[in-house]
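Worksheet: the structure to be examined is printed underneath.
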Amino acid sequence: MKKELNYEEAIAEVDKIVKKLSSEEIDVDTLATDVKRATQLLEILEAKLHKTQDEMKTLLKSLK
């Protein structure tokens with residue numbers, strides 16, 4: 001069973017993929033796989049951000 005990536009790990013992996021895709025040594029054989037993985041990571045990051053935003057709203061409401 002794979003452990004869930006934390007935010008920093010996911011960002012680092014996206015950054016690595018972006019650098020790889022930005023280089024002059026793009027591997028056409030893995031291009032689709034890399035883009036798919038980056039898309040999955042971005043969805044994970046977006047979900048984490050929304051969850052954190054919702055938690056912050058709840059915490060701030062409790063202060064009022």
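Ordering of the structure tokens sets the chain letters (A, B, ...); residue numbers start at 1 within each chain; ligands are numbered from 1 in the order shown.
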
What lies within 12 Å of Lys16 in chain A using only C-alpha atoms, ignoring chain neighbours under 4 positions off, as a count of residues only? 13

To one decimal place in Å, what is the distance between CA of Ser62 in chain A and CA of Ile44 in chain A?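 Calculated distance between CA of Ser62 in chain A and CA of Ile44 in chain A is 27.3 Å.
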
So that I can see what lies close to Leu45 in chain A, please list as an MDAnalysis selection string the residues with an atom at most 10 Å from it, counting only C-alpha atoms and leaving out residues fewer than 6 positions away in the same chain. chainID A and resid 5:8 10:11 14 39 51

Could you write out that same residue set with C-alpha atoms as a PDB file, in the first residue's frame?
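Output (again-v8.pdb):
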```pdb
ATOM      1  CA  LEU A   5       2.048  12.108  -0.445  1.00  0.00           C
ATOM      2  CA  ASN A   6       2.162  15.203   1.682  1.00  0.00           C
ATOM      3  CA  TYR A   7       1.945  18.627   0.058  1.00  0.00           C
ATOM      4  CA  GLU A   8       5.698  19.201  -0.088  1.00  0.00           C
ATOM      5  CA  ALA A  10       3.709  16.324  -4.301  1.00  0.00           C
ATOM      6  CA  ILE A  11       5.034  19.802  -5.166  1.00  0.00           C
ATOM      7  CA  VAL A  14       5.495  18.141  -9.971  1.00  0.00           C
ATOM      8  CA  THR A  39      -2.172  15.972 -13.630  1.00  0.00           C
ATOM      9  CA  LYS A  51      -9.431  20.883   2.570  1.00  0.00           C
TER      10      LYS A  51
END
```

What is the distance, in Å and to one decimal place, between CA of Glu4 in chain A and CA of Leu42 in chain A?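 Taking CA of Glu4 in chain A as the start and CA of Leu42 in chain A as the end point, the length is 13.8 Å.
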
One decimal place gives the CA of Asp15 in chain A-CA of Lys36 in chain A separation as 14.1 Å

Enumerate as a ChimeraX atom specification all residues of chain A assigned to helix (DSSP H, G or I) by DSSP on the backbone, naming them with the chain letters and numbers the document uses. /A:7-22,28-63
